[in-house]
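Participant: Structure supplied as final_18.tsv; contents: TSV, N, CA and C atoms.
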chain	number	residue	atom	x	y	z
A	1	MET	N	5.84	-3.49	34.92
A	1	MET	CA	5.66	-2.05	35.01
A	1	MET	C	4.35	-1.67	34.32
A	2	LEU	N	3.66	-0.68	34.83
A	2	LEU	CA	2.41	-0.21	34.24
A	2	LEU	C	2.66	0.37	32.85
A	3	ARG	N	1.69	0.19	31.96
A	3	ARG	CA	1.83	0.62	30.56
A	3	ARG	C	2.20	2.10	30.44
A	4	HIS	N	1.55	2.98	31.20
A	4	HIS	CA	1.85	4.42	31.06
A	4	HIS	C	3.27	4.74	31.48
A	5	LEU	N	3.80	3.98	32.44
A	5	LEU	CA	5.19	4.20	32.84
A	5	LEU	C	6.15	3.69	31.76
A	6	GLU	N	5.79	2.58	31.11
A	6	GLU	CA	6.60	2.08	30.00
A	6	GLU	C	6.64	3.10	28.87
A	7	ILE	N	5.49	3.70	28.57
A	7	ILE	CA	5.42	4.70	27.51
A	7	ILE	C	6.29	5.90	27.88
A	8	LEU	N	6.18	6.36	29.11
A	8	LEU	CA	7.02	7.48	29.56
A	8	LEU	C	8.50	7.14	29.44
A	9	GLU	N	8.84	5.91	29.76
A	9	GLU	CA	10.24	5.49	29.72
A	9	GLU	C	10.77	5.46	28.27
A	10	GLU	N	9.91	5.08	27.32
A	10	GLU	CA	10.31	4.96	25.92
A	10	GLU	C	10.23	6.28	25.15
A	11	ALA	N	9.37	7.18	25.59
A	11	ALA	CA	9.12	8.43	24.86
A	11	ALA	C	10.34	9.33	24.83
A	12	ARG	N	10.42	10.12	23.79
A	12	ARG	CA	11.49	11.11	23.65
A	12	ARG	C	10.94	12.52	23.44
A	13	VAL	N	9.80	12.63	22.72
A	13	VAL	CA	9.23	13.95	22.39
A	13	VAL	C	7.84	14.06	23.00
A	14	ILE	N	7.65	15.11	23.80
A	14	ILE	CA	6.36	15.35	24.46
A	14	ILE	C	5.87	16.74	24.06
A	15	ALA	N	4.74	16.77	23.36
A	15	ALA	CA	4.09	18.05	23.06
A	15	ALA	C	3.22	18.41	24.26
A	16	ILE	N	3.41	19.61	24.79
A	16	ILE	CA	2.64	20.04	25.95
A	16	ILE	C	1.63	21.09	25.50
A	17	VAL	N	0.38	20.66	25.40
A	17	VAL	CA	-0.69	21.54	24.93
A	17	VAL	C	-1.20	22.34	26.13
A	18	GLY	N	-1.10	23.66	26.00
A	18	GLY	CA	-1.48	24.53	27.11
A	18	GLY	C	-0.29	24.94	27.96
A	19	LEU	N	0.92	24.69	27.46
A	19	LEU	CA	2.13	25.09	28.20
A	19	LEU	C	2.15	26.61	28.35
A	20	SER	N	2.31	27.05	29.58
A	20	SER	CA	2.33	28.47	29.88
A	20	SER	C	3.76	28.98	30.01
A	21	ASP	N	3.94	30.26	29.70
A	21	ASP	CA	5.23	30.89	29.92
A	21	ASP	C	5.33	31.47	31.33
A	22	ARG	N	4.27	31.33	32.10
A	22	ARG	CA	4.25	31.83	33.48
A	22	ARG	C	4.85	30.80	34.43
A	23	LEU	N	5.86	31.23	35.17
A	23	LEU	CA	6.60	30.33	36.06
A	23	LEU	C	5.74	29.69	37.14
A	24	ASP	N	4.63	30.34	37.51
A	24	ASP	CA	3.80	29.85	38.60
A	24	ASP	C	2.75	28.84	38.15
A	25	ARG	N	2.72	28.50	36.87
A	25	ARG	CA	1.74	27.56	36.35
A	25	ARG	C	2.26	26.12	36.39
A	26	ASP	N	1.35	25.20	36.69
A	26	ASP	CA	1.72	23.78	36.73
A	26	ASP	C	2.32	23.31	35.41
A	27	SER	N	1.76	23.77	34.30
A	27	SER	CA	2.27	23.34	33.00
A	27	SER	C	3.72	23.74	32.81
A	28	HIS	N	4.09	24.91	33.29
A	28	HIS	CA	5.47	25.37	33.18
A	28	HIS	C	6.39	24.50	34.05
A	29	GLU	N	5.97	24.24	35.27
A	29	GLU	CA	6.77	23.40	36.18
A	29	GLU	C	6.96	22.00	35.60
A	30	VAL	N	5.89	21.41	35.09
A	30	VAL	CA	5.96	20.07	34.52
A	30	VAL	C	6.86	20.07	33.28
A	31	GLY	N	6.68	21.07	32.40
A	31	GLY	CA	7.52	21.15	31.20
A	31	GLY	C	8.99	21.28	31.54
A	32	LYS	N	9.30	22.10	32.51
A	32	LYS	CA	10.69	22.29	32.93
A	32	LYS	C	11.25	20.99	33.50
A	33	TYR	N	10.46	20.29	34.29
A	33	TYR	CA	10.90	19.00	34.85
A	33	TYR	C	11.16	18.01	33.72
A	34	LEU	N	10.22	17.89	32.79
A	34	LEU	CA	10.37	16.92	31.70
A	34	LEU	C	11.63	17.21	30.89
A	35	GLN	N	11.92	18.48	30.64
A	35	GLN	CA	13.17	18.84	29.97
A	35	GLN	C	14.38	18.39	30.79
A	36	SER	N	14.31	18.60	32.09
A	36	SER	CA	15.46	18.32	32.96
A	36	SER	C	15.81	16.83	33.02
A	37	VAL	N	14.83	15.98	32.70
A	37	VAL	CA	15.09	14.55	32.72
A	37	VAL	C	15.31	13.98	31.32
A	38	GLY	N	15.46	14.89	30.34
A	38	GLY	CA	15.90	14.46	29.02
A	38	GLY	C	14.88	14.43	27.90
A	39	TYR	N	13.63	14.79	28.16
A	39	TYR	CA	12.66	14.82	27.08
A	39	TYR	C	12.82	16.08	26.24
A	40	LYS	N	12.52	15.95	24.96
A	40	LYS	CA	12.38	17.12	24.08
A	40	LYS	C	10.93	17.54	24.23
A	41	ILE	N	10.72	18.77	24.69
A	41	ILE	CA	9.34	19.24	24.81
A	41	ILE	C	9.01	20.16	23.65
A	42	VAL	N	7.74	20.12	23.26
A	42	VAL	CA	7.24	20.97	22.18
A	42	VAL	C	6.06	21.75	22.75
A	43	PRO	N	6.25	23.06	23.00
A	43	PRO	CA	5.15	23.86	23.53
A	43	PRO	C	4.06	24.07	22.47
A	44	VAL	N	2.80	23.92	22.89
A	44	VAL	CA	1.66	24.18	22.02
A	44	VAL	C	0.69	25.08	22.78
A	45	ASN	N	0.57	26.32	22.31
A	45	ASN	CA	-0.32	27.29	22.95
A	45	ASN	C	-0.56	28.41	21.94
A	46	PRO	N	-1.77	28.51	21.38
A	46	PRO	CA	-2.02	29.53	20.36
A	46	PRO	C	-1.77	30.97	20.83
A	47	ALA	N	-1.89	31.21	22.13
A	47	ALA	CA	-1.66	32.55	22.66
A	47	ALA	C	-0.17	32.92	22.65
A	48	LEU	N	0.69	31.92	22.49
A	48	LEU	CA	2.15	32.16	22.54
A	48	LEU	C	2.84	31.74	21.25
A	49	THR	N	2.09	31.61	20.17
A	49	THR	CA	2.63	31.14	18.89
A	49	THR	C	3.89	31.91	18.50
A	50	ASP	N	4.91	31.15	18.14
A	50	ASP	CA	6.21	31.65	17.68
A	50	ASP	C	7.05	32.29	18.79
A	51	GLN	N	6.55	32.33	20.02
A	51	GLN	CA	7.37	32.80	21.13
A	51	GLN	C	8.17	31.62	21.66
A	52	MET	N	9.19	31.90	22.44
A	52	MET	CA	10.00	30.86	23.04
A	52	MET	C	9.49	30.57	24.45
A	53	VAL	N	9.26	29.31	24.73
A	53	VAL	CA	8.85	28.88	26.07
A	53	VAL	C	9.80	27.75	26.46
A	54	LEU	N	10.48	27.91	27.56
A	54	LEU	CA	11.48	26.95	28.02
A	54	LEU	C	12.50	26.66	26.92
A	55	GLY	N	12.83	27.70	26.17
A	55	GLY	CA	13.85	27.59	25.13
A	55	GLY	C	13.39	26.93	23.84
A	56	GLU	N	12.10	26.66	23.72
A	56	GLU	CA	11.55	26.01	22.53
A	56	GLU	C	10.50	26.89	21.89
A	57	LYS	N	10.44	26.86	20.55
A	57	LYS	CA	9.44	27.64	19.82
A	57	LYS	C	8.05	27.07	20.07
A	58	CYS	N	7.13	27.96	20.41
A	58	CYS	CA	5.76	27.55	20.71
A	58	CYS	C	4.94	27.48	19.42
A	59	HIS	N	4.12	26.44	19.32
A	59	HIS	CA	3.29	26.20	18.14
A	59	HIS	C	1.84	26.55	18.44
A	60	ALA	N	1.11	26.93	17.39
A	60	ALA	CA	-0.30	27.26	17.54
A	60	ALA	C	-1.15	26.02	17.79
A	61	SER	N	-0.75	24.90	17.16
A	61	SER	CA	-1.48	23.65	17.33
A	61	SER	C	-0.55	22.48	17.06
A	62	LEU	N	-1.02	21.30	17.35
A	62	LEU	CA	-0.23	20.10	17.06
A	62	LEU	C	0.05	19.97	15.57
A	63	LEU	N	-0.86	20.49	14.75
A	63	LEU	CA	-0.73	20.34	13.30
A	63	LEU	C	0.48	21.07	12.73
A	64	SER	N	1.02	22.03	13.45
A	64	SER	CA	2.19	22.76	12.94
A	64	SER	C	3.52	22.18	13.44
A	65	VAL	N	3.45	21.13	14.24
A	65	VAL	CA	4.66	20.49	14.75
A	65	VAL	C	5.22	19.56	13.68
A	66	GLN	N	6.52	19.71	13.38
A	66	GLN	CA	7.13	18.94	12.31
A	66	GLN	C	7.70	17.60	12.75
A	67	GLU	N	8.01	17.44	14.02
A	67	GLU	CA	8.63	16.19	14.46
A	67	GLU	C	7.60	15.21	14.99
A	68	GLN	N	8.00	13.96	15.06
A	68	GLN	CA	7.12	12.90	15.56
A	68	GLN	C	6.91	13.11	17.06
A	69	ILE	N	5.65	13.09	17.48
A	69	ILE	CA	5.29	13.30	18.88
A	69	ILE	C	4.96	11.95	19.52
A	70	ASP	N	5.64	11.66	20.61
A	70	ASP	CA	5.36	10.42	21.33
A	70	ASP	C	4.16	10.57	22.27
A	71	ILE	N	4.12	11.68	22.99
A	71	ILE	CA	3.05	11.93	23.96
A	71	ILE	C	2.51	13.34	23.77
A	72	VAL	N	1.18	13.45	23.74
A	72	VAL	CA	0.53	14.76	23.77
A	72	VAL	C	0.04	14.95	25.20
A	73	ASP	N	0.72	15.81	25.93
A	73	ASP	CA	0.45	16.07	27.35
A	73	ASP	C	-0.46	17.29	27.42
A	74	ILE	N	-1.68	17.11	27.92
A	74	ILE	CA	-2.72	18.15	27.79
A	74	ILE	C	-3.01	18.84	29.12
A	75	PHE	N	-2.83	20.16	29.09
A	75	PHE	CA	-3.18	21.04	30.21
A	75	PHE	C	-4.31	21.97	29.75
A	76	ARG	N	-5.44	21.42	29.44
A	76	ARG	CA	-6.59	22.21	28.99
A	76	ARG	C	-7.85	21.68	29.66
A	77	ARG	N	-8.89	22.49	29.63
A	77	ARG	CA	-10.16	22.07	30.23
A	77	ARG	C	-10.73	20.87	29.47
A	78	PRO	N	-11.51	20.04	30.17
A	78	PRO	CA	-12.07	18.85	29.53
A	78	PRO	C	-12.82	19.13	28.22
A	79	ASN	N	-13.50	20.27	28.12
A	79	ASN	CA	-14.26	20.55	26.89
A	79	ASN	C	-13.37	20.89	25.70
A	80	ALA	N	-12.09	21.06	25.90
A	80	ALA	CA	-11.15	21.35	24.80
A	80	ALA	C	-10.41	20.10	24.33
A	81	ILE	N	-10.64	18.98	24.98
A	81	ILE	CA	-9.84	17.78	24.74
A	81	ILE	C	-10.15	17.10	23.41
A	82	ILE	N	-11.40	17.07	22.99
A	82	ILE	CA	-11.75	16.34	21.76
A	82	ILE	C	-11.03	16.92	20.53
A	83	PRO	N	-11.04	18.24	20.30
A	83	PRO	CA	-10.29	18.74	19.13
A	83	PRO	C	-8.79	18.45	19.22
A	84	ILE	N	-8.24	18.51	20.41
A	84	ILE	CA	-6.81	18.20	20.59
A	84	ILE	C	-6.57	16.73	20.27
A	85	THR	N	-7.46	15.87	20.71
A	85	THR	CA	-7.35	14.44	20.44
A	85	THR	C	-7.39	14.18	18.94
A	86	LYS	N	-8.30	14.84	18.25
A	86	LYS	CA	-8.40	14.66	16.79
A	86	LYS	C	-7.12	15.12	16.10
A	87	ASP	N	-6.53	16.21	16.58
A	87	ASP	CA	-5.24	16.66	16.02
A	87	ASP	C	-4.14	15.66	16.33
A	88	ALA	N	-4.16	15.09	17.54
A	88	ALA	CA	-3.15	14.08	17.91
A	88	ALA	C	-3.23	12.88	16.98
A	89	ILE	N	-4.43	12.50	16.62
A	89	ILE	CA	-4.62	11.39	15.68
A	89	ILE	C	-4.06	11.76	14.31
A	90	LYS	N	-4.35	12.98	13.85
A	90	LYS	CA	-3.87	13.44	12.53
A	90	LYS	C	-2.36	13.44	12.44
A	91	VAL	N	-1.68	13.81	13.53
A	91	VAL	CA	-0.20	13.86	13.49
A	91	VAL	C	0.43	12.53	13.89
A	92	LYS	N	-0.42	11.53	14.12
A	92	LYS	CA	0.05	10.18	14.47
A	92	LYS	C	0.88	10.15	15.76
A	93	ALA	N	0.40	10.89	16.75
A	93	ALA	CA	1.05	10.86	18.07
A	93	ALA	C	0.87	9.47	18.67
A	94	GLY	N	1.71	9.14	19.62
A	94	GLY	CA	1.63	7.83	20.25
A	94	GLY	C	0.55	7.71	21.29
A	95	MET	N	0.27	8.81	21.98
A	95	MET	CA	-0.74	8.77	23.03
A	95	MET	C	-1.18	10.17	23.41
A	96	ILE	N	-2.33	10.24	24.07
A	96	ILE	CA	-2.75	11.49	24.71
A	96	ILE	C	-2.72	11.26	26.22
A	97	TRP	N	-2.29	12.29	26.91
A	97	TRP	CA	-2.16	12.23	28.37
A	97	TRP	C	-2.84	13.45	28.94
A	98	MET	N	-3.96	13.24	29.61
A	98	MET	CA	-4.69	14.33	30.24
A	98	MET	C	-4.18	14.49	31.67
A	99	GLN	N	-3.76	15.69	31.98
A	99	GLN	CA	-3.15	15.96	33.28
A	99	GLN	C	-4.13	15.78	34.43
A	100	GLU	N	-3.58	15.81	35.63
A	100	GLU	CA	-4.36	15.64	36.84
A	100	GLU	C	-5.59	16.55	36.84
A	101	GLY	N	-6.74	15.97	37.15
A	101	GLY	CA	-7.98	16.73	37.18
A	101	GLY	C	-8.70	16.81	35.85
A	102	ILE	N	-8.10	16.25	34.80
A	102	ILE	CA	-8.72	16.33	33.47
A	102	ILE	C	-9.17	14.93	33.05
A	103	ILE	N	-10.49	14.83	32.79
A	103	ILE	CA	-11.09	13.58	32.35
A	103	ILE	C	-12.05	13.89	31.22
A	104	ASN	N	-11.91	13.18	30.11
A	104	ASN	CA	-12.87	13.29	29.02
A	104	ASN	C	-13.00	11.91	28.40
A	105	ASP	N	-14.04	11.18	28.81
A	105	ASP	CA	-14.24	9.80	28.37
A	105	ASP	C	-14.48	9.71	26.87
A	106	GLU	N	-15.19	10.68	26.31
A	106	GLU	CA	-15.46	10.66	24.87
A	106	GLU	C	-14.15	10.79	24.07
A	107	ALA	N	-13.29	11.69	24.49
A	107	ALA	CA	-11.99	11.84	23.83
A	107	ALA	C	-11.16	10.57	23.98
A	108	ALA	N	-11.24	9.93	25.13
A	108	ALA	CA	-10.50	8.69	25.35
A	108	ALA	C	-10.95	7.60	24.37
A	109	VAL	N	-12.26	7.49	24.15
A	109	VAL	CA	-12.78	6.49	23.21
A	109	VAL	C	-12.30	6.81	21.79
A	110	ILE	N	-12.36	8.08	21.40
A	110	ILE	CA	-11.91	8.49	20.07
A	110	ILE	C	-10.43	8.13	19.89
A	111	ALA	N	-9.63	8.45	20.88
A	111	ALA	CA	-8.19	8.17	20.80
A	111	ALA	C	-7.92	6.68	20.74
A	112	ARG	N	-8.54	5.92	21.61
A	112	ARG	CA	-8.31	4.47	21.64
A	112	ARG	C	-8.77	3.81	20.34
A	113	ASP	N	-9.90	4.26	19.81
A	113	ASP	CA	-10.40	3.71	18.54
A	113	ASP	C	-9.41	3.97	17.41
A	114	ALA	N	-8.62	5.03	17.53
A	114	ALA	CA	-7.61	5.36	16.51
A	114	ALA	C	-6.26	4.72	16.82
A	115	GLY	N	-6.19	3.95	17.90
A	115	GLY	CA	-4.96	3.24	18.22
A	115	GLY	C	-4.01	3.95	19.17
A	116	LEU	N	-4.45	5.08	19.73
A	116	LEU	CA	-3.60	5.81	20.67
A	116	LEU	C	-3.83	5.29	22.09
A	117	ASP	N	-2.77	5.27	22.86
A	117	ASP	CA	-2.90	5.01	24.29
A	117	ASP	C	-3.46	6.27	24.95
A	118	VAL	N	-4.10	6.09	26.10
A	118	VAL	CA	-4.73	7.22	26.79
A	118	VAL	C	-4.45	7.12	28.29
A	119	VAL	N	-4.09	8.26	28.88
A	119	VAL	CA	-4.02	8.40	30.33
A	119	VAL	C	-4.87	9.61	30.69
A	120	MET	N	-5.66	9.47	31.74
A	120	MET	CA	-6.46	10.60	32.21
A	120	MET	C	-6.19	10.81	33.70
A	121	ASP	N	-6.29	12.08	34.10
A	121	ASP	CA	-6.25	12.44	35.52
A	121	ASP	C	-4.95	12.02	36.22
A	122	MET	N	-3.82	12.15	35.50
A	122	MET	CA	-2.52	11.86	36.10
A	122	MET	C	-1.51	12.89	35.62
A	123	CYS	N	-0.56	13.20	36.47
A	123	CYS	CA	0.49	14.16	36.14
A	123	CYS	C	1.71	13.42	35.58
A	124	THR	N	2.19	13.86	34.42
A	124	THR	CA	3.37	13.22	33.82
A	124	THR	C	4.58	13.32	34.74
A	125	MET	N	4.74	14.43	35.42
A	125	MET	CA	5.89	14.60	36.31
A	125	MET	C	5.80	13.63	37.49
A	126	VAL	N	4.66	13.57	38.12
A	126	VAL	CA	4.47	12.66	39.26
A	126	VAL	C	4.68	11.22	38.83
A	127	GLU	N	4.12	10.85	37.68
A	127	GLU	CA	4.24	9.48	37.21
A	127	GLU	C	5.68	9.16	36.79
A	128	HIS	N	6.36	10.11	36.16
A	128	HIS	CA	7.74	9.87	35.75
A	128	HIS	C	8.62	9.54	36.96
A	129	LYS	N	8.37	10.19	38.06
A	129	LYS	CA	9.16	9.95	39.27
A	129	LYS	C	8.98	8.55	39.82
A	130	LYS	N	7.97	7.80	39.34
A	130	LYS	CA	7.72	6.43	39.78
A	130	LYS	C	8.51	5.40	38.97
A	131	ILE	N	9.14	5.83	37.87
A	131	ILE	CA	9.89	4.90	37.04
A	131	ILE	C	11.13	4.48	37.81
A	132	PRO	N	11.32	3.17	37.95
A	132	PRO	CA	12.50	2.70	38.68
A	132	PRO	C	13.80	3.13	38.01
A	133	LEU	N	14.75	3.55	38.80
A	133	LEU	CA	16.05	3.94	38.27
A	133	LEU	C	16.79	2.71	37.78
A	134	LYS	N	17.53	2.88	36.69
A	134	LYS	CA	18.35	1.78	36.16
A	134	LYS	C	19.80	2.09	36.50
A	135	TYR	N	20.45	1.14	37.07
A	135	TYR	CA	21.85	1.33	37.45
A	135	TYR	C	22.76	0.57	36.55
Taking this structure as input, can you express it in the form of structure tokens?
Facilitator:
Amino acid sequence: MLRHLEILEEARVIAIVGLSDRLDRDSHEVGKYLQSVGYKIVPVNPALTDQMVLGEKCHASLLSVQEQIDIVDIFRRPNAIIPITKDAIKVKAGMIWMQEGIINDEAAVIARDAGLDVVMDMCTMVEHKKIPLKY
């Protein structure tokens, strides 16, 4: 199995940076899907700090999250990725995952140099659906 699928299979907590409270946004759809398949999601969006999104309290940044984060799932523009990556390193997240259409090679190097796994330009929901079912 591909490494990113193994990580998805093992992960339990996914911080979604840029999670929107708007139902028509991809981040909301992906967050709702990830919850439905058993992940604990942690919304991160400074515009929604302390509000509830998908039944979870929204955080201003990764630095205010108290629990261990397995995956930092990023729905932000490429130019916002480096500060998020540095925060992911500070909180000892397991990996950064840049959603479909998001590529930042510099952030990937920073993350990998710090020991984090990196996925770019892939959707967590689409990739999760590729994990073989266990019977």
Participant: Name all residues at most 9 Å from segment 37-44 of chain A (count only C-alpha atoms; drop same-chain ones fewer than 2 positions away) and give them as a VMD selection string.
Facilitator: chain A and resid 11 to 20 31 to 35 46 48 to 49 52 to 54 56 to 62 65 69
Participant: Can you list every residue in chain A that DSSP puts in helix (DSSP H, G or I), as an MDAnalysis selection string?
Facilitator: chainID A and resid 3:10 26:36 46:48 62:64 78:90 105:113 124:128
Participant: Could those residues be written to a file, using N, CA and C atoms, as a short mmCIF file (atom, residue, chain, number, x, y, z; two decimals), in the frame of the given file?
Facilitator:
data_model
loop_
_atom_site.label_atom_id
_atom_site.label_comp_id
_atom_site.auth_asym_id
_atom_site.auth_seq_id
_atom_site.Cartn_x
_atom_site.Cartn_y
_atom_site.Cartn_z
N ARG A 3 1.69 0.19 31.96
CA ARG A 3 1.83 0.62 30.56
C ARG A 3 2.20 2.10 30.44
N HIS A 4 1.55 2.98 31.20
CA HIS A 4 1.85 4.42 31.06
C HIS A 4 3.27 4.74 31.48
N LEU A 5 3.80 3.98 32.44
CA LEU A 5 5.19 4.20 32.84
C LEU A 5 6.15 3.69 31.76
N GLU A 6 5.79 2.58 31.11
CA GLU A 6 6.60 2.08 30.00
C GLU A 6 6.64 3.10 28.87
N ILE A 7 5.49 3.70 28.57
CA ILE A 7 5.42 4.70 27.51
C ILE A 7 6.29 5.90 27.88
N LEU A 8 6.18 6.36 29.11
CA LEU A 8 7.02 7.48 29.56
C LEU A 8 8.50 7.14 29.44
N GLU A 9 8.84 5.91 29.76
CA GLU A 9 10.24 5.49 29.72
C GLU A 9 10.77 5.46 28.27
N GLU A 10 9.91 5.08 27.32
CA GLU A 10 10.31 4.96 25.92
C GLU A 10 10.23 6.28 25.15
N ASP A 26 1.35 25.20 36.69
CA ASP A 26 1.72 23.78 36.73
C ASP A 26 2.32 23.31 35.41
N SER A 27 1.76 23.77 34.30
CA SER A 27 2.27 23.34 33.00
C SER A 27 3.72 23.74 32.81
N HIS A 28 4.09 24.91 33.29
CA HIS A 28 5.47 25.37 33.18
C HIS A 28 6.39 24.50 34.05
N GLU A 29 5.97 24.24 35.27
CA GLU A 29 6.77 23.40 36.18
C GLU A 29 6.96 22.00 35.60
N VAL A 30 5.89 21.41 35.09
CA VAL A 30 5.96 20.07 34.52
C VAL A 30 6.86 20.07 33.28
N GLY A 31 6.68 21.07 32.40
CA GLY A 31 7.52 21.15 31.20
C GLY A 31 8.99 21.28 31.54
N LYS A 32 9.30 22.10 32.51
CA LYS A 32 10.69 22.29 32.93
C LYS A 32 11.25 20.99 33.50
N TYR A 33 10.46 20.29 34.29
CA TYR A 33 10.90 19.00 34.85
C TYR A 33 11.16 18.01 33.72
N LEU A 34 10.22 17.89 32.79
CA LEU A 34 10.37 16.92 31.70
C LEU A 34 11.63 17.21 30.89
N GLN A 35 11.92 18.48 30.64
CA GLN A 35 13.17 18.84 29.97
C GLN A 35 14.38 18.39 30.79
N SER A 36 14.31 18.60 32.09
CA SER A 36 15.46 18.32 32.96
C SER A 36 15.81 16.83 33.02
N PRO A 46 -1.77 28.51 21.38
CA PRO A 46 -2.02 29.53 20.36
C PRO A 46 -1.77 30.97 20.83
N ALA A 47 -1.89 31.21 22.13
CA ALA A 47 -1.66 32.55 22.66
C ALA A 47 -0.17 32.92 22.65
N LEU A 48 0.69 31.92 22.49
CA LEU A 48 2.15 32.16 22.54
C LEU A 48 2.84 31.74 21.25
N LEU A 62 -1.02 21.30 17.35
CA LEU A 62 -0.23 20.10 17.06
C LEU A 62 0.05 19.97 15.57
N LEU A 63 -0.86 20.49 14.75
CA LEU A 63 -0.73 20.34 13.30
C LEU A 63 0.48 21.07 12.73
N SER A 64 1.02 22.03 13.45
CA SER A 64 2.19 22.76 12.94
C SER A 64 3.52 22.18 13.44
N PRO A 78 -11.51 20.04 30.17
CA PRO A 78 -12.07 18.85 29.53
C PRO A 78 -12.82 19.13 28.22
N ASN A 79 -13.50 20.27 28.12
CA ASN A 79 -14.26 20.55 26.89
C ASN A 79 -13.37 20.89 25.70
N ALA A 80 -12.09 21.06 25.90
CA ALA A 80 -11.15 21.35 24.80
C ALA A 80 -10.41 20.10 24.33
N ILE A 81 -10.64 18.98 24.98
CA ILE A 81 -9.84 17.78 24.74
C ILE A 81 -10.15 17.10 23.41
N ILE A 82 -11.40 17.07 22.99
CA ILE A 82 -11.75 16.34 21.76
C ILE A 82 -11.03 16.92 20.53
N PRO A 83 -11.04 18.24 20.30
CA PRO A 83 -10.29 18.74 19.13
C PRO A 83 -8.79 18.45 19.22
N ILE A 84 -8.24 18.51 20.41
CA ILE A 84 -6.81 18.20 20.59
C ILE A 84 -6.57 16.73 20.27
N THR A 85 -7.46 15.87 20.71
CA THR A 85 -7.35 14.44 20.44
C THR A 85 -7.39 14.18 18.94
N LYS A 86 -8.30 14.84 18.25
CA LYS A 86 -8.40 14.66 16.79
C LYS A 86 -7.12 15.12 16.10
N ASP A 87 -6.53 16.21 16.58
CA ASP A 87 -5.24 16.66 16.02
C ASP A 87 -4.14 15.66 16.33
N ALA A 88 -4.16 15.09 17.54
CA ALA A 88 -3.15 14.08 17.91
C ALA A 88 -3.23 12.88 16.98
N ILE A 89 -4.43 12.50 16.62
CA ILE A 89 -4.62 11.39 15.68
C ILE A 89 -4.06 11.76 14.31
N LYS A 90 -4.35 12.98 13.85
CA LYS A 90 -3.87 13.44 12.53
C LYS A 90 -2.36 13.44 12.44
N ASP A 105 -14.04 11.18 28.81
CA ASP A 105 -14.24 9.80 28.37
C ASP A 105 -14.48 9.71 26.87
N GLU A 106 -15.19 10.68 26.31
CA GLU A 106 -15.46 10.66 24.87
C GLU A 106 -14.15 10.79 24.07
N ALA A 107 -13.29 11.69 24.49
CA ALA A 107 -11.99 11.84 23.83
C ALA A 107 -11.16 10.57 23.98
N ALA A 108 -11.24 9.93 25.13
CA ALA A 108 -10.50 8.69 25.35
C ALA A 108 -10.95 7.60 24.37
N VAL A 109 -12.26 7.49 24.15
CA VAL A 109 -12.78 6.49 23.21
C VAL A 109 -12.30 6.81 21.79
N ILE A 110 -12.36 8.08 21.40
CA ILE A 110 -11.91 8.49 20.07
C ILE A 110 -10.43 8.13 19.89
N ALA A 111 -9.63 8.45 20.88
CA ALA A 111 -8.19 8.17 20.80
C ALA A 111 -7.92 6.68 20.74
N ARG A 112 -8.54 5.92 21.61
CA ARG A 112 -8.31 4.47 21.64
C ARG A 112 -8.77 3.81 20.34
N ASP A 113 -9.90 4.26 19.81
CA ASP A 113 -10.40 3.71 18.54
C ASP A 113 -9.41 3.97 17.41
N THR A 124 2.19 13.86 34.42
CA THR A 124 3.37 13.22 33.82
C THR A 124 4.58 13.32 34.74
N MET A 125 4.74 14.43 35.42
CA MET A 125 5.89 14.60 36.31
C MET A 125 5.80 13.63 37.49
N VAL A 126 4.66 13.57 38.12
CA VAL A 126 4.47 12.66 39.26
C VAL A 126 4.68 11.22 38.83
N GLU A 127 4.12 10.85 37.68
CA GLU A 127 4.24 9.48 37.21
C GLU A 127 5.68 9.16 36.79
N HIS A 128 6.36 10.11 36.16
CA HIS A 128 7.74 9.87 35.75
C HIS A 128 8.62 9.54 36.96
#
Participant: Kindly give the distance, in Å, that separates atom CA of Thr124 of chain A and atom CA of Ile7 of chain A, rounded to a single decimal.
Facilitator: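 A separation of 10.8 Å between them.
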Participant: Can you tell me how far atom CA of Asn104 of chain A sits from atom C of Asp21 of chain A, in Å to one decimal?
Facilitator: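 Taking atom CA of Asn104 of chain A and atom C of Asp21 of chain A, their separation equals 25.8 Å.
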Participant: For a quick check of understanding, using only C-alpha atoms, which of A:Glu9, A:Asp105, A:Glu100, A:Asp121 has the smallest distance to Thr85 of chain A?
Facilitator: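 Closest candidate: A:Asp105.
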Participant: Per DSSP on the backbone, filter segment 28-122 of chain A down to the residues in strand (DSSP E or B) and report them as a ChimeraX atom specification.
Facilitator: /A:40-44,52-53,56-57,59,71-74,95-98,117-119
Participant: How many Å lie between atom N of Ile84 of chain A and atom N of Ile96 of chain A, rounded to one decimal?
Facilitator: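 A separation of 10.8 Å between them.
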Participant: Please provide the set of residues having any atom within 8 Å of Ile131 of chain A, restricted to all atoms listed in the file, with same-chain residues fewer than 3 positions apart removed, written as a ChimeraX atom specification.
Facilitator: /A:5-6,9,126-128,134
Participant: Tell me which of A:Ile103, A:Ile71, A:Ile110, A:Asn79 sits closest to Val91 of chain A, counting only C-alpha atoms.
Facilitator: A:Ile71
Participant: Pick the closest to Arg77 of chain A from A:Ile102, A:Met122, A:Ala108, A:Ala114: which is it, counting all atoms listed in the file?
Facilitator: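 So, comparing all the options, the nearest one is A:Ile102.
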Participant: Export segment 26-30 of chain A of the preceding structure, keeping N, CA and C atoms, as a PDB file, in the first residue's frame.
Facilitator:
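The resulting file, selection.pdb, is shown below:
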ATOM      1  N   ASP A  26     -15.400  22.945  -0.334  1.00  0.00           N
ATOM      2  CA  ASP A  26     -14.754  21.628  -0.357  1.00  0.00           C
ATOM      3  C   ASP A  26     -14.241  21.228   1.026  1.00  0.00           C
ATOM      4  N   SER A  27     -13.686  22.184   1.758  1.00  0.00           N
ATOM      5  CA  SER A  27     -13.143  21.854   3.082  1.00  0.00           C
ATOM      6  C   SER A  27     -14.232  21.327   4.006  1.00  0.00           C
ATOM      7  N   HIS A  28     -15.422  21.885   3.909  1.00  0.00           N
ATOM      8  CA  HIS A  28     -16.534  21.424   4.741  1.00  0.00           C
ATOM      9  C   HIS A  28     -16.951  20.004   4.341  1.00  0.00           C
ATOM     10  N   GLU A  29     -17.055  19.768   3.049  1.00  0.00           N
ATOM     11  CA  GLU A  29     -17.433  18.434   2.560  1.00  0.00           C
ATOM     12  C   GLU A  29     -16.406  17.389   2.985  1.00  0.00           C
ATOM     13  N   VAL A  30     -15.125  17.706   2.829  1.00  0.00           N
ATOM     14  CA  VAL A  30     -14.064  16.774   3.201  1.00  0.00           C
ATOM     15  C   VAL A  30     -14.074  16.535   4.708  1.00  0.00           C
TER      16      VAL A  30
END
